[in-house]
Amino acid sequence: MKKINVAELFVLELGQGFLVREVVGLDAPLTTSTVSLAHFSLESGRSFAAHTHRHSHEIYVGISGRAEISLNGETIEVAASDAVLFKPGDVHAGKAIGGEPYVYWAITTPAYHPDDHIAADNHGDSSVSPE
């Protein structure tokens, strides 16, 4: 059995104000190919670009803050304790709103692999634009 402290993990900056700590996954401290678990923080007013996944299902579970999440052109507001499921091919993007960071867990199955991540093109979702 291996125990880790998420707060002590390496922080990867995916963009200005967009941080991730990978906890479980292919190259994570807790290694497996079946699932990924990552801790994300998105500063208020910052966005992540529309994208999709070829093979994986992804679930976001809010910890704190609020965000506008776009899923296949429909935008909803999410907050702490809200969960959203993205299936393979679902185009999704997000923007933190409300003056504080949107902090959430992302669970991906099978485990996240960069080859599975596809940036949305101009035909994809543009309702939440990246900054």
# chains A, B, ... in the order shown; residues from 1 in each chain; ligands from 1
$ residues_around --residues "Glu22 in chain A" --least-positions-apart "5" --cutoff "7 Å" --atoms "only C-alpha atoms" --output "short mmCIF file (atom, residue, chain, number, x, y, z; two decimals) with N, CA and C atoms, in the first residue's frame"
data_model
loop_
_atom_site.label_atom_id
_atom_site.label_comp_id
_atom_site.auth_asym_id
_atom_site.auth_seq_id
_atom_site.Cartn_x
_atom_site.Cartn_y
_atom_site.Cartn_z
N ALA A 28 1.66 8.71 -12.77
CA ALA A 28 1.37 9.36 -11.49
C ALA A 28 2.04 8.61 -10.34
N LEU A 37 -6.79 10.05 -11.72
CA LEU A 37 -7.38 11.00 -10.79
C LEU A 37 -6.44 12.18 -10.72
N ALA A 38 -6.96 13.37 -11.02
CA ALA A 38 -6.14 14.57 -11.00
C ALA A 38 -6.88 15.69 -10.28
N HIS A 39 -6.11 16.51 -9.57
CA HIS A 39 -6.63 17.65 -8.82
C HIS A 39 -6.32 18.91 -9.62
#
$ residues_around --residues "Lys3 in chain A" --least-positions-apart "5" --cutoff "12 Å" --atoms "only C-alpha atoms" --output "number ranges by chain"
A: 8-9, 23-24, 29-31
$ write_last_selection --atoms "C-alpha atoms" --output "compact mmCIF listing (two decimals), in the first residue's frame"
# COMPACT_ATOMS: atom_id res chain seq x y z
CA GLU A 8 2.89 17.71 -1.70
CA LEU A 9 2.68 16.52 -5.32
CA VAL A 23 -2.53 11.60 -8.27
CA VAL A 24 -3.42 8.34 -10.02
CA PRO A 29 2.65 8.53 -8.00
CA LEU A 30 -0.13 5.94 -7.71
CA THR A 31 0.31 4.10 -11.01
$ residues_around --residues "Ser36 in chain A" --least-positions-apart "3" --cutoff "7 Å" --atoms "only C-alpha atoms" --output "PyMOL selection string"
chain A and resi 24-25+107-109+111-112
$ write_last_selection --atoms "N, CA and C atoms" --output "compact mmCIF listing (two decimals), in the first residue's frame"
# COMPACT_ATOMS: atom_id res chain seq x y z
N VAL A 24 -3.34 9.72 -9.56
CA VAL A 24 -3.42 8.34 -10.02
C VAL A 24 -3.39 8.34 -11.54
N GLY A 25 -2.64 7.41 -12.14
CA GLY A 25 -2.62 7.33 -13.60
C GLY A 25 -1.38 6.65 -14.12
N ILE A 107 -11.68 12.61 -12.97
CA ILE A 107 -11.52 11.16 -12.98
C ILE A 107 -11.68 10.71 -14.42
N THR A 108 -10.70 9.98 -14.93
CA THR A 108 -10.70 9.56 -16.33
C THR A 108 -10.50 8.06 -16.40
N THR A 109 -11.31 7.39 -17.23
CA THR A 109 -11.13 5.96 -17.43
C THR A 109 -11.29 5.64 -18.92
N ALA A 111 -7.08 5.32 -17.95
CA ALA A 111 -6.19 6.38 -17.46
C ALA A 111 -5.86 7.37 -18.57
N TYR A 112 -5.74 8.65 -18.19
CA TYR A 112 -5.45 9.71 -19.14
C TYR A 112 -4.14 9.43 -19.88
$ closest_residue --among "A:Gly94, A:Gly15, A:Pro101, A:Pro88" --to "Ser56 in chain A" --atoms "only C-alpha atoms"
A:Pro88
$ residues_around --residues "Ala120 in chain A" --least-positions-apart "5" --cutoff "7 Å" --atoms "only C-alpha atoms" --output "PyMOL selection string"
chain A and resi 50-52+91
$ select_by_dssp --residues "chain A" --states "helix (DSSP H, G or I)" --output "PyMOL selection string"
chain A and resi 6-8+114-116
$ atom_distance --atom1 "CA of His117 in chain A" --atom2 "CA of Ser47 in chain A"
16.7 Å
$ residues_around --residues "Glu77 in chain A" --least-positions-apart "3" --cutoff "10 Å" --atoms "only C-alpha atoms" --output "list in words"
Arg66, Ala67, Glu68, Ile69, Ser70, Asp82, Gly94, Lys95, Ala96 and Ile97 of chain A
$ write_last_selection --atoms "C-alpha atoms" --output "mmCIF file, in the first residue's frame"
data_model
loop_
_atom_site.group_PDB
_atom_site.id
_atom_site.type_symbol
_atom_site.label_atom_id
_atom_site.label_comp_id
_atom_site.auth_asym_id
_atom_site.auth_seq_id
_atom_site.Cartn_x
_atom_site.Cartn_y
_atom_site.Cartn_z
ATOM 1 C CA ARG A 66 -17.828 27.939 -9.557
ATOM 2 C CA ALA A 67 -17.385 27.471 -13.286
ATOM 3 C CA GLU A 68 -19.267 27.609 -16.538
ATOM 4 C CA ILE A 69 -18.809 24.264 -18.236
ATOM 5 C CA SER A 70 -19.691 23.869 -21.875
ATOM 6 C CA ASP A 82 -21.530 19.092 -8.632
ATOM 7 C CA GLY A 94 -14.701 25.609 -18.921
ATOM 8 C CA LYS A 95 -14.234 29.002 -17.334
ATOM 9 C CA ALA A 96 -13.924 29.770 -13.613
ATOM 10 C CA ILE A 97 -16.388 32.441 -12.491
#
$ select_by_dssp --residues "chain A" --states "strand (DSSP E)" --output "VMD selection string"
chain A and resid 12 to 15 18 to 25 30 to 31 36 to 42 47 to 53 57 to 64 66 to 71 74 to 79 83 to 86 92 to 97 102 to 109 117 to 119
$ atom_distance --atom1 "CA of Val103 in chain A" --atom2 "CA of Thr32 in chain A"
23.6 Å
$ residues_around --residues "His55 in chain A" --least-positions-apart "3" --cutoff "8 Å" --atoms "only C-alpha atoms" --output "PDB file with C-alpha atoms, in the first residue's frame"
ATOM      1  CA  PRO A  88     -15.779   9.971 -25.639  1.00  0.00           C
ATOM      2  CA  GLY A  89     -16.357  12.563 -28.370  1.00  0.00           C
ATOM      3  CA  PRO A 110      -9.122   4.428 -18.935  1.00  0.00           C
ATOM      4  CA  ASP A 116      -6.498  10.600 -26.226  1.00  0.00           C
TER       5      ASP A 116
END
$ closest_residue --among "A:Pro114, A:Gly98, A:Gly65, A:Gly17" --to "Leu42 in chain A" --atoms "only C-alpha atoms"
A:Gly17
